[in-house]
Every structure is written in structure tokens, then in C-alpha cells.
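*Asks:* To start, I am sharing the structure in question, which I have written as C-alpha cells.
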Amino acid sequence: MAENGTACPKPMQATSTGVFQGENPLDYALPLVIVQIILVIVLTRTLAYLLRPLRQPRVIAEIIGGVLLGPSAFGRSKAFLHTIFPPKSLPVLDTLANLGLIFFLFLVGLELDPKALRRTGKKAMSIALAGICLPFAMGTGTSFVLRATISKGVSQGPFIVFMGVAMSITALPVLARILAEFKLLTTDMGRTAMSAAAVNDVAAWILLALAISLSGTGKSPLISVWVFLCGAAFVGLCILIVPRVFKWMMRRCPDGEPVNEIFICGTLAAVLAAGFVTDTIGIHALFGAFILGTLAPKDGPLISALVEKVEDLVSGLLLPLYFASSGLKTNVATIQGAQSWGLLLLVILTACFGKVVGTVVVSRLCKMPLNEAVALGVLMNSKGLVELIVLNIGKDRKVLNDQTFSIMVMMALVTTFMTTPILRAIYKPAKRGSVYTLRTVQRNDPNSQLRIMACFHSGRNIPTIINLIEASRGTEKRQGLTVYAMHLMELSERCSAIRMVHKARNNGLPFWNERNQTDSDQIVVAFEAYGQLSHVQIRPMTAISHFSDMHEDICASAESKKASLVILPFHKHQKVDGSLETTRHEYRVINKKVLQHDPCSVGILVDRGFGGSSHVSASNVDSTITVYFFGGPDDREALALGQRMSEHPGITLILVHFRADPNLEGVEMVAIDEGDKGSSNGDSNTADEEAINAIKQKLTRDGSIKYEERAVNATSDTVDIVKEFSRCNMVLVGRSPEGTVAATFSLNVKTEFPELGPVGGFLISEEVSTNTSVLVIHQYSSGSRPLSLEEEEPTDGTEND
């Protein structure tokens, strides 16, 4: 069929026979789409890296990258546009982009919990409604202006709804990332923002479905009614069928076992089938996928396997194509002349005014402070992928023309880009107070309440942490032990970052809070069970940060909770053969930074299965704990913790006291350094003697505390004694032991882990054959002691970890 006297272009074949056959691979669909994908990924990732110092979410880089590839920048070169993005290739690109979008919307649906929406408080619901209604009204007013100027001839009803939806959307994933960047996820403002945004998101999808049903090109108005009714019927059937099917599959996917591949394939096929049904109805294929994700369970092995298999491919490879596809439809050059730029400014101001003012007014009525209310309004003005979806559907349905589409894309880009700098400028959270004195385990009143913050990366650390808590709970005479269990989670670029928001519970509230009963996370269950059976208060916390500043969360939380001891897991874990392998090197950097900015005493736990692989009940505890005492504040802190542990009826404490023999080798060189310390060294020696005498007075006849004093006249003696008493369940040792014995030992025994100190590093070296867990203690000193964490030079030619 001819059009205007020219033949239609031939459809592209999939693959070429190669350049040696005289063919250009870019004339064929598969090689061309490969080049397009590579170009899009390289450009968007480069922009994301360049925008990282500005703390912009990755969606900004992807939107800008898409616009740059289109006719606004690189596409101004006709040669580039017709070579890389020829018109005949766009259907293939759009198909791949929409396929990725379908699965991405399924993942987004997994993040939305309908049960959580029903529990949304009145304040968050009021803010959400204000953040929808006023922007929608403002968007309706703007639509009349645009329709009278640059959008003449479009259907009024669909155009009003599309403009209202575009103005009232809040991007939930973008909002979650910005809140995490500013450490606001677990604050009252962060929880309010996420709840309001979730309600906003659901309302936006409903309005978008209405807009799509109204935008049909059928001649009869009844067609829109039929589309909407069929869509509602599809949702109703899904509500009746989908949860039952997923429950049936979940029962056949037990924890700890591989998920059957047929369930994965069946779920992915169901996502595509749901997309086909909604597309057939006339809404959009992504609606079916979103509904299926929303109705699916939010945790369990099946969902974890689905997310793991799908999200990297979708969010990393296919989804950027959607931004490129949008960018190819965006031509900033169409915004020209005073009228167009004035309309762009009008749209931006209207969008900002509606969101910010509506949110601020209701927030103030809810008695929220002014700076928080304004910050919340700015946060709710964030746009993202859903905004582009609305605009693309509007353009495909001929509701938005090229100029209006470009103006709305620029509005989404500007409003999202401005969120971070404005929030940084106007919101200055009050610094947490640090007025408390009990920052160490060693204290004048040993019966006062002890607060410990135990950090963990994964469930691997949980049994040892619980058994360590059980050992540290003391006697009934004490005022008790409160433990804050902090889950350290990396803030990643993956779409499942929103799922981390659900884990960021109310800091300090019990795990068995009624609002959290739907969470079946094994970690929560383990702590909950122990907390209910013991006299220890277990309180959950979550640190969701980039590794580069996660130590700030740990230190700030320790201060706010007035912790006396922070326990950090070592960056290596034990393998089956007993050796240690690195989990992630970033954990070591975090440990070092916490030591450098210590808000209280800090312990680094080398986990080798203290108490076994599961929690041991109090009546079955039978452990031996050894304290190596050389001298100094760190050793006194380790001794104070060991003394508390010895009060447990199932624990035997062995105190090994190292004393220098008068003929100790190398004592002359050490004496010079010791003499430079002056009176402070004398004070430390006096404190050491007092600590040893106090423990001697508590030696019990039942053998729960044993005292061993060993004289050392050579470094080899120290090594032999350390090895001799390493056959126990746990060793407590100071990070920086003091005294002549410790100094000579440090000079002659090198370690590659300065954060563990000389003795702790030696205990995990290959020279000591033991499966003993090691807890290295650093006592808080208010900055009075120098802290060296410089790497030691390896003595065996190996590289440092």
C-alpha cells in the first residue's frame, strides 16, 4: 500500500549474515537493539555517576539521558537519529521497553501492601488527600489554559483528567530514596510521607484507569463505561482468585528449600496474561501486572526468588529503554517563544503550589512544625516513572500533543531535581542530644541498667547475638538489660529499595507491636521469641544507608538510645572448614569509622558460633568465657563485661592475668615508651590493680569465676598462654591492651586487622587453631586516647584484606 506516492518501508529482519556478506548489522533488528541498549545504559549510568555528588535519584539521570538521546540533543543530528534510532526500529524498542515496564510494575505492586494502607493514620490520610485534591484542581485549571493555547482540538474530558493526574502524582520509589539519603525513613516525618505517598499512588492509578477509559476513540460514549466496568470486574476477579493461588503455591515452597521452577514460570506467565487481559479491555497492559503484584504476598521464599530473578534484568537493562523511548518523543525545541516558556513556568509553578501548599496547610492543622510541614510538601512534589507512564499513555492516546508532552516531561524533571537541594536548604533536623554519662560497661554502679546496641547484617549473626545477649543479662538484682537490635541494610539502586522501607519500623518499639504482626521475617521471630521468654527488652532498629555513611546512622542511633556498648560483626564469617572468608569489605570500613567516631564503648564480634547455631535456653547454657587481661581501659572494659556474664548460672569465667617477669625480653625498649606516658600510665596501673582486686574478692567456691595469673619473660610465653586458654566458647579481649607484656607482644606479633588489636588479630590468625568466638572491646574515652587504625605491613608477603 502506498502513502503519498511512496512505498511503506520494509519491516526489519531479526539478524544479519554479517559484514563480510556486505550487510550493515544496524539494518537488522537484533544488532540494532543491542547497540541501543548499550548506548542507553552507558549514558544513563554515566549521568547517574556525575549526579551522585548532588544526591539526585537515578531516575533523574535516566530521564535526562532519554531526553539527550531524542531530538532535543543528539537526535538533532539526522544521521545519528536515522542510524541508531530509525523509525522502523521504534516498535521493537517500544515493545522491549513496555515488556520491562510490565514486570517492573509487578515489582512495584509487590511493594504496596493493601493491609498497610488500611492502617494508615488520619494524619497521613489527610495529607495524602490534600496532596491529591488541590494539585488535581490546579491541574484542571491549567488544562483550560493549555487547551486554549497549544492543545486546541483535544477532547476536553480526558485532557482534564490526564493533566490532573500528572499534577497530583507522588513518586513512591523516588520519595523512599530521598528519605533514605537524608536519614528520614525512621522519623515521624518519613513515616508520614511514605504512608501519604502510598495512598497517593493508589489514587493516581485509579484516576489513570479512569483517564484511559475516557480517552478511547470509540464513537459511542458507552464504550468508556464498558471499559471501566470490565476493568473493575477484572480487579474483582483478581481479588477473589489471585490470593488463593499464591497461598496454594506458598504452602508448597517451604523455607530453606529451593523454589520449584514451575512456580516462578507460572507467576511470570500470569503477569503477562494479566497484562494481556487489561490491554484487551482497553486500559493498558501494565495495569494487569500492577494489580497482580499488589495482591501477591509480600514475603516468603517464592516472592524473594521472584524479586531476585527479575529485578536486576528489569531495572538495570530493560527499564532504561522506557526512558529512552520517552526521550525520543520529547523535543524541547517545540518549547519556543514567550508563550511556550510562559506555559512551562505556569505548569511548574502550578504543580509546586498545589502539592506544597496543600500538604503544608493540612500538616500545620495536624500540628506539625512549620519546617517539617514545608519539607513534607517538597517531598510530596517528587515525580518519577509513574509520571512518565501517565504522559506516554496520554501521548499514545492523542490526548497530549508534542509540545504539551515536552512541557510536562520538563515539569517532572524540574520538580524532582529541585526536591533534594530545597530539602537540604530548608530542613535542618535538630541534633540529637548526647547528655548521658553511662557510655561504658564499666561503671561505679554495676547494678544500673545496661543498654547494648547489637548490629547485624543478616540472619547468620542472629544465634550468636542472642546467645551473647543471654549471657550478658546479669542477675535479678540489676536494673535490667535493654538491647537495640540494629539491622544494617545497604541503600541500593535496585527497585526493592522500597521493600527496605517496610523494614524501617518505629525505632525503639517492641517487635510484637500489633502493627508489625503481619511480618513473618525470621529475624523478627527469633528476637521476639527470645524477648518474650527472657527478662531482656529487645527493641528493633534499622539502618538503611549507603555504606559510605552507615557509621553515622550507627553512632547517631547509639547516642539517641543512650547505649553503653555497640557490638559490630566482623567483616569475615566462618566457612564450613573453619576458616574465615570476607563477607563484604565495606563492613570493615564501617567498623573502622564507628571506632573513630565512637559514641560509647565498641565491640567487634568475630562470630564462630558462640552457643551453637540456634538459641540456647537459659537452663541449658553451659559456656566457658575467657578474659585476657594485660592492662589498660580496654581490658578493664572487657573484664567488666565478663564479670557481668559470670553472674549467669551456666557460664564459667576464666580471667587470665598477664604479668611481666623482671627478666622480660625487650623490656628496655618498651620502658622508654612507657615512661613517656607519665602520670596517666600510673593512674591506669592503679585502676588495673583495683579491677583485679575486685574480681579476686568475688572468686566463688562453685567455680563460676577462675583466676589465672601468669608471669611472662618472653613473647613466646604470651603466645603459648593465649593458645592454652583459647579452648573455650568465647574470648573477651581489649582492643588496645597496655603494659609491658602487651607492648612487647605488639612489637613481635603483627596483625593485618588493627581494628581487632594485637591479641584479637592473633586469635583469628592461622597460628591459633580454634573455633572460639572473639569479642574485641574498645572502651569509650571521650577522645582522650589516640586511636590508630593504620594497616600493618604484612610480614609473610601476602596482601592485606
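We label chains A, B, ... in the order they appear in the C-alpha cells, count residues from 1 in each chain, and number ligands from 1 in the order shown.
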From the DSSP assignment of the backbone, select every residue of range 544-669 of chain A that is strand (DSSP E), and format the answer as a ChimeraX atom specification.

*Replies:* /A:544-545,565-569,572-574,580-582,601-606,623-629,651-660

*Asks:* Give me, as JSON lines, the closest atom pair and its distance (Å, one decimal) for every residue of range 394-483 of chain A within a cut-off of 12 Å of range 377-387 of chain A, counting only C-alpha atoms, rows sorted by chain and rising number.

*Replies:*
{"residue": "A:Gly394", "atom": "CA", "partner": "A:Glu387", "partner_atom": "CA", "distance": 10.7}
{"residue": "A:Phe405", "atom": "CA", "partner": "A:Glu387", "partner_atom": "CA", "distance": 11.3}
{"residue": "A:Met408", "atom": "CA", "partner": "A:Glu387", "partner_atom": "CA", "distance": 9.0}
{"residue": "A:Val409", "atom": "CA", "partner": "A:Glu387", "partner_atom": "CA", "distance": 8.3}
{"residue": "A:Met410", "atom": "CA", "partner": "A:Lys383", "partner_atom": "CA", "distance": 11.0}
{"residue": "A:Met411", "atom": "CA", "partner": "A:Lys383", "partner_atom": "CA", "distance": 9.0}
{"residue": "A:Ala412", "atom": "CA", "partner": "A:Lys383", "partner_atom": "CA", "distance": 5.6}
{"residue": "A:Leu413", "atom": "CA", "partner": "A:Lys383", "partner_atom": "CA", "distance": 7.6}
{"residue": "A:Val414", "atom": "CA", "partner": "A:Lys383", "partner_atom": "CA", "distance": 9.2}
{"residue": "A:Thr415", "atom": "CA", "partner": "A:Ser382", "partner_atom": "CA", "distance": 6.3}
{"residue": "A:Thr416", "atom": "CA", "partner": "A:Ser382", "partner_atom": "CA", "distance": 4.7}
{"residue": "A:Phe417", "atom": "CA", "partner": "A:Ser382", "partner_atom": "CA", "distance": 8.3}
{"residue": "A:Met418", "atom": "CA", "partner": "A:Val378", "partner_atom": "CA", "distance": 8.7}
{"residue": "A:Thr419", "atom": "CA", "partner": "A:Val378", "partner_atom": "CA", "distance": 6.0}
{"residue": "A:Thr420", "atom": "CA", "partner": "A:Leu379", "partner_atom": "CA", "distance": 8.4}
{"residue": "A:Pro421", "atom": "CA", "partner": "A:Val378", "partner_atom": "CA", "distance": 10.2}
{"residue": "A:Ile422", "atom": "CA", "partner": "A:Val378", "partner_atom": "CA", "distance": 7.5}
{"residue": "A:Leu423", "atom": "CA", "partner": "A:Val378", "partner_atom": "CA", "distance": 6.9}
{"residue": "A:Arg424", "atom": "CA", "partner": "A:Val378", "partner_atom": "CA", "distance": 10.7}
{"residue": "A:Ala425", "atom": "CA", "partner": "A:Val378", "partner_atom": "CA", "distance": 11.3}
{"residue": "A:Ile426", "atom": "CA", "partner": "A:Val378", "partner_atom": "CA", "distance": 9.8}
{"residue": "A:Tyr427", "atom": "CA", "partner": "A:Val378", "partner_atom": "CA", "distance": 10.3}

*Asks:* Using C-alpha atoms, can you write the selected residues to a file as a JSON list (two decimals), in the first residue's frame?

*Replies:*
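And here is the file that came out, again.json:
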[["chain", "number", "residue", "atom", "x", "y", "z"],
["A", 394, "GLY", "CA", -1.63, 10.37, 27.13],
["A", 405, "PHE", "CA", 4.13, 16.34, 26.22],
["A", 408, "MET", "CA", 5.02, 18.06, 31.09],
["A", 409, "VAL", "CA", 8.25, 16.00, 30.87],
["A", 410, "MET", "CA", 10.29, 19.10, 31.69],
["A", 411, "MET", "CA", 7.96, 19.81, 34.62],
["A", 412, "ALA", "CA", 8.53, 16.30, 36.01],
["A", 413, "LEU", "CA", 12.29, 16.70, 35.59],
["A", 414, "VAL", "CA", 12.48, 20.13, 37.23],
["A", 415, "THR", "CA", 10.20, 19.34, 40.19],
["A", 416, "THR", "CA", 12.09, 16.13, 41.01],
["A", 417, "PHE", "CA", 15.52, 17.72, 40.54],
["A", 418, "MET", "CA", 14.70, 20.60, 42.87],
["A", 419, "THR", "CA", 13.49, 18.37, 45.71],
["A", 420, "THR", "CA", 16.91, 17.44, 47.09],
["A", 421, "PRO", "CA", 18.55, 20.91, 47.14],
["A", 422, "ILE", "CA", 15.43, 22.59, 48.55],
["A", 423, "LEU", "CA", 15.07, 19.93, 51.24],
["A", 424, "ARG", "CA", 18.73, 20.34, 52.16],
["A", 425, "ALA", "CA", 18.28, 24.11, 52.45],
["A", 426, "ILE", "CA", 15.05, 24.28, 54.47],
["A", 427, "TYR", "CA", 15.12, 21.20, 56.66]]

*Asks:* Here is a test: counting only C-alpha atoms, which residue of A:Ser325, A:Leu179, A:Thr140, A:Gly18 is nearest to Ile544 in chain A?

*Replies:*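 Nearest candidate to Ile544 in chain A out of A:Ser325, A:Leu179, A:Thr140, A:Gly18: A:Leu179.
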
*Asks:* For Ala351 in chain A, work out the shell of residues within 10 Å, counting only C-alpha atoms and skipping chain neighbours fewer than 5 positions away, then give it as an NGL selection string.

*Replies:* :A and (134-136 or 138-139 or 142 or 164 or 166-169 or 345-346 or 356 or 381 or 411-412 or 415)

*Asks:* Identify, on the basis of only C-alpha atoms, every residue whose closest approach to Leu110 in chain A does not exceed 8 Å; exclude the query and any residue fewer than 6 positions from it along the same chain; express the result as a VMD selection string.

*Replies:* chain A and resid 293 to 298

*Asks:* Can you list every residue of range 268-329 of chain A that has an atom at most 12 Å from range 184-204 of chain A, with its nearest atom pair and the distance in Å to one decimal, using only C-alpha atoms, ordered by chain then number, as CSV?

*Replies:*
residue,atom,partner,partner_atom,distance
A:Phe287,CA,A:Val202,CA,11.7
A:Phe290,CA,A:Val202,CA,10.5
A:Ile291,CA,A:Val202,CA,10.5
A:Thr294,CA,A:Val202,CA,10.1

*Asks:* Would you mind listing what lies within 9 Å of Val621 in chain A as a PyMOL selection string, with only C-alpha atoms counted and same-chain residues fewer than 6 positions away left out?

*Replies:* chain A and resi 467+470-471+611+648-651

*Asks:* Would you write out those residues with N, CA, C and O atoms, as a PDB file, in the first residue's frame?

*Replies:*
ATOM      1  N   ASN A 467      22.607 -15.514  71.898  1.00  0.00           N
ATOM      2  CA  ASN A 467      23.302 -16.209  72.978  1.00  0.00           C
ATOM      3  C   ASN A 467      24.212 -15.265  73.756  1.00  0.00           C
ATOM      4  O   ASN A 467      24.382 -15.408  74.966  1.00  0.00           O
ATOM      5  N   GLU A 470      21.908 -13.322  76.028  1.00  0.00           N
ATOM      6  CA  GLU A 470      21.519 -14.181  77.145  1.00  0.00           C
ATOM      7  C   GLU A 470      22.635 -14.228  78.201  1.00  0.00           C
ATOM      8  O   GLU A 470      22.374 -14.158  79.398  1.00  0.00           O
ATOM      9  N   ALA A 471      23.872 -14.305  77.735  1.00  0.00           N
ATOM     10  CA  ALA A 471      24.997 -14.370  78.667  1.00  0.00           C
ATOM     11  C   ALA A 471      25.204 -13.059  79.413  1.00  0.00           C
ATOM     12  O   ALA A 471      25.759 -13.050  80.510  1.00  0.00           O
ATOM     13  N   GLY A 611      27.641 -20.605  71.342  1.00  0.00           N
ATOM     14  CA  GLY A 611      26.398 -21.215  71.802  1.00  0.00           C
ATOM     15  C   GLY A 611      25.757 -22.144  70.795  1.00  0.00           C
ATOM     16  O   GLY A 611      24.692 -22.703  71.058  1.00  0.00           O
ATOM     17  N   HIS A 648      25.658 -15.319  85.216  1.00  0.00           N
ATOM     18  CA  HIS A 648      24.742 -16.310  84.642  1.00  0.00           C
ATOM     19  C   HIS A 648      25.101 -17.687  85.196  1.00  0.00           C
ATOM     20  O   HIS A 648      26.272 -18.082  85.207  1.00  0.00           O
ATOM     21  N   PRO A 649      24.125 -18.443  85.666  1.00  0.00           N
ATOM     22  CA  PRO A 649      24.437 -19.734  86.299  1.00  0.00           C
ATOM     23  C   PRO A 649      25.081 -20.747  85.358  1.00  0.00           C
ATOM     24  O   PRO A 649      25.707 -21.701  85.839  1.00  0.00           O
ATOM     25  N   GLY A 650      24.952 -20.561  84.068  1.00  0.00           N
ATOM     26  CA  GLY A 650      25.512 -21.534  83.130  1.00  0.00           C
ATOM     27  C   GLY A 650      26.837 -21.118  82.525  1.00  0.00           C
ATOM     28  O   GLY A 650      27.294 -21.742  81.564  1.00  0.00           O
ATOM     29  N   ILE A 651      27.470 -20.087  83.080  1.00  0.00           N
ATOM     30  CA  ILE A 651      28.697 -19.564  82.477  1.00  0.00           C
ATOM     31  C   ILE A 651      29.832 -19.596  83.490  1.00  0.00           C
ATOM     32  O   ILE A 651      29.670 -19.191  84.652  1.00  0.00           O
TER      33      ILE A 651
END

*Asks:* Distance CA of Val361 in chain A-CA of Pro173 in chain A, one decimal place?

*Replies:*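 Computing the Euclidean distance for CA of Val361 in chain A and CA of Pro173 in chain A yields 24.5 Å.
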
*Asks:* Please provide as a short mmCIF file (atom, residue, chain, number, x, y, z; two decimals) with N, CA, C and O atoms, in the first residue's frame all residues within 12 Å of Phe629 in chain A, with the sequence filter that same-chain residues fewer than 3 positions apart are discarded (counting only C-alpha atoms).

*Replies:*
data_model
loop_
_atom_site.label_atom_id
_atom_site.label_comp_id
_atom_site.auth_asym_id
_atom_site.auth_seq_id
_atom_site.Cartn_x
_atom_site.Cartn_y
_atom_site.Cartn_z
N THR A 626 36.58 -16.66 78.46
CA THR A 626 37.91 -16.28 78.93
C THR A 626 38.16 -14.81 78.68
O THR A 626 37.84 -14.29 77.60
N GLY A 632 45.03 -1.64 81.09
CA GLY A 632 44.52 -0.56 80.27
C GLY A 632 43.00 -0.50 80.28
O GLY A 632 42.32 -1.45 80.71
N PRO A 633 42.44 0.62 79.82
CA PRO A 633 40.98 0.79 79.86
C PRO A 633 40.21 -0.22 79.03
O PRO A 633 39.12 -0.64 79.43
N ASP A 634 40.74 -0.63 77.87
CA ASP A 634 40.01 -1.60 77.05
C ASP A 634 39.91 -2.94 77.75
O ASP A 634 38.86 -3.60 77.72
N ASP A 635 41.01 -3.36 78.39
CA ASP A 635 40.96 -4.63 79.12
C ASP A 635 40.04 -4.54 80.33
O ASP A 635 39.35 -5.52 80.68
N ARG A 636 40.02 -3.38 80.99
CA ARG A 636 39.10 -3.23 82.13
C ARG A 636 37.65 -3.29 81.66
O ARG A 636 36.77 -3.82 82.36
N GLU A 637 37.38 -2.75 80.48
CA GLU A 637 36.01 -2.82 79.94
C GLU A 637 35.63 -4.26 79.62
O GLU A 637 34.51 -4.71 79.90
N ALA A 638 36.56 -5.01 79.02
CA ALA A 638 36.30 -6.43 78.73
C ALA A 638 36.07 -7.21 80.02
O ALA A 638 35.19 -8.08 80.09
N LEU A 639 36.85 -6.87 81.07
CA LEU A 639 36.68 -7.55 82.35
C LEU A 639 35.33 -7.22 82.97
O LEU A 639 34.68 -8.10 83.56
N ALA A 640 34.89 -5.97 82.85
CA ALA A 640 33.58 -5.59 83.40
C ALA A 640 32.46 -6.37 82.72
O ALA A 640 31.51 -6.83 83.38
N GLY A 642 32.83 -9.30 81.19
CA GLY A 642 33.00 -10.70 81.60
C GLY A 642 32.47 -10.95 83.00
O GLY A 642 31.86 -12.00 83.27
N ILE A 654 36.88 -17.37 83.11
CA ILE A 654 38.30 -17.56 83.41
C ILE A 654 39.02 -16.26 83.13
O ILE A 654 39.02 -15.78 81.99
N LEU A 655 39.61 -15.67 84.15
CA LEU A 655 40.38 -14.44 84.00
C LEU A 655 41.86 -14.81 83.95
O LEU A 655 42.41 -15.36 84.92
N VAL A 656 42.50 -14.52 82.84
CA VAL A 656 43.93 -14.79 82.65
C VAL A 656 44.67 -13.46 82.76
O VAL A 656 44.53 -12.60 81.89
N HIS A 657 45.43 -13.32 83.83
CA HIS A 657 46.14 -12.06 84.10
C HIS A 657 47.61 -12.23 83.72
O HIS A 657 48.32 -13.06 84.29
N PHE A 658 48.06 -11.44 82.77
CA PHE A 658 49.44 -11.48 82.30
C PHE A 658 50.27 -10.48 83.12
O PHE A 658 49.95 -9.28 83.15
N ARG A 659 51.34 -10.98 83.75
CA ARG A 659 52.27 -10.10 84.48
C ARG A 659 53.66 -10.24 83.89
O ARG A 659 54.07 -11.33 83.47
N ASP A 688 43.98 -0.72 87.08
CA ASP A 688 44.09 -2.15 86.76
C ASP A 688 44.13 -2.98 88.04
O ASP A 688 43.45 -4.02 88.15
N GLU A 689 44.95 -2.54 89.00
CA GLU A 689 45.06 -3.29 90.25
C GLU A 689 43.73 -3.32 90.99
O GLU A 689 43.35 -4.35 91.56
N ALA A 691 40.74 -3.19 89.63
CA ALA A 691 39.84 -4.11 88.91
C ALA A 691 40.17 -5.57 89.23
O ALA A 691 39.28 -6.40 89.44
N ILE A 692 41.48 -5.90 89.28
CA ILE A 692 41.89 -7.27 89.58
C ILE A 692 41.54 -7.63 91.02
O ILE A 692 41.03 -8.74 91.30
N ILE A 695 37.84 -8.40 91.38
CA ILE A 695 37.43 -9.71 90.86
C ILE A 695 37.93 -10.83 91.77
O ILE A 695 37.27 -11.87 91.93
N TYR A 707 40.60 -17.61 88.43
CA TYR A 707 41.64 -16.60 88.23
C TYR A 707 42.97 -17.30 87.97
O TYR A 707 43.38 -18.19 88.72
N GLU A 708 43.59 -16.93 86.85
CA GLU A 708 44.88 -17.49 86.49
C GLU A 708 45.85 -16.33 86.28
O GLU A 708 45.63 -15.47 85.43
N GLU A 709 46.93 -16.34 87.07
CA GLU A 709 47.96 -15.31 86.90
C GLU A 709 49.21 -15.96 86.33
O GLU A 709 49.71 -16.94 86.89
N ARG A 710 49.69 -15.41 85.21
CA ARG A 710 50.83 -16.00 84.52
C ARG A 710 51.94 -14.95 84.36
O ARG A 710 51.67 -13.83 83.89
N THR A 718 53.81 -15.45 76.03
CA THR A 718 52.48 -14.85 75.82
C THR A 718 51.71 -15.62 74.78
O THR A 718 50.51 -15.90 74.93
N ILE A 721 50.48 -18.92 76.23
CA ILE A 721 49.37 -18.75 77.19
C ILE A 721 48.07 -18.43 76.46
O ILE A 721 47.00 -18.95 76.80
N VAL A 722 48.16 -17.56 75.45
CA VAL A 722 46.96 -17.22 74.67
C VAL A 722 46.39 -18.48 74.01
O VAL A 722 45.18 -18.71 74.02
N VAL A 731 36.17 -15.59 73.82
CA VAL A 731 37.26 -14.84 74.43
C VAL A 731 36.89 -13.36 74.40
O VAL A 731 36.48 -12.83 73.36
N LEU A 732 37.02 -12.69 75.55
CA LEU A 732 36.86 -11.23 75.63
C LEU A 732 38.24 -10.62 75.77
O LEU A 732 39.02 -11.03 76.65
N VAL A 733 38.56 -9.65 74.94
CA VAL A 733 39.88 -9.06 74.96
C VAL A 733 39.79 -7.58 74.61
O VAL A 733 38.93 -7.18 73.81
N GLY A 734 40.63 -6.76 75.20
CA GLY A 734 40.67 -5.35 74.87
C GLY A 734 41.34 -5.11 73.54
O GLY A 734 42.26 -5.84 73.16
N ARG A 735 40.88 -4.09 72.82
CA ARG A 735 41.49 -3.80 71.52
C ARG A 735 42.89 -3.24 71.66
O ARG A 735 43.76 -3.55 70.84
N SER A 736 43.12 -2.42 72.68
CA SER A 736 44.44 -1.81 72.87
C SER A 736 44.94 -2.12 74.27
O SER A 736 44.88 -1.27 75.18
N PRO A 737 45.44 -3.34 74.50
CA PRO A 737 45.96 -3.67 75.83
C PRO A 737 47.21 -2.84 76.14
O PRO A 737 47.96 -2.48 75.23
N GLU A 738 47.40 -2.55 77.41
CA GLU A 738 48.53 -1.74 77.83
C GLU A 738 49.42 -2.54 78.78
O GLU A 738 49.04 -3.60 79.26
N GLY A 739 50.58 -2.01 79.04
CA GLY A 739 51.53 -2.68 79.92
C GLY A 739 52.69 -3.24 79.14
O GLY A 739 52.69 -3.31 77.90
N VAL A 741 53.94 -6.34 78.96
CA VAL A 741 53.70 -7.59 78.24
C VAL A 741 52.98 -7.33 76.92
O VAL A 741 53.37 -7.86 75.87
N ALA A 742 51.94 -6.48 76.97
CA ALA A 742 51.19 -6.18 75.75
C ALA A 742 52.07 -5.46 74.73
O ALA A 742 51.97 -5.71 73.53
N VAL A 759 46.04 -8.76 70.18
CA VAL A 759 45.60 -10.07 70.69
C VAL A 759 44.42 -10.59 69.88
O VAL A 759 44.37 -11.77 69.51
N ILE A 777 36.94 -5.51 72.61
CA ILE A 777 36.29 -4.37 73.23
C ILE A 777 37.19 -3.14 73.17
O ILE A 777 38.38 -3.20 73.48
#
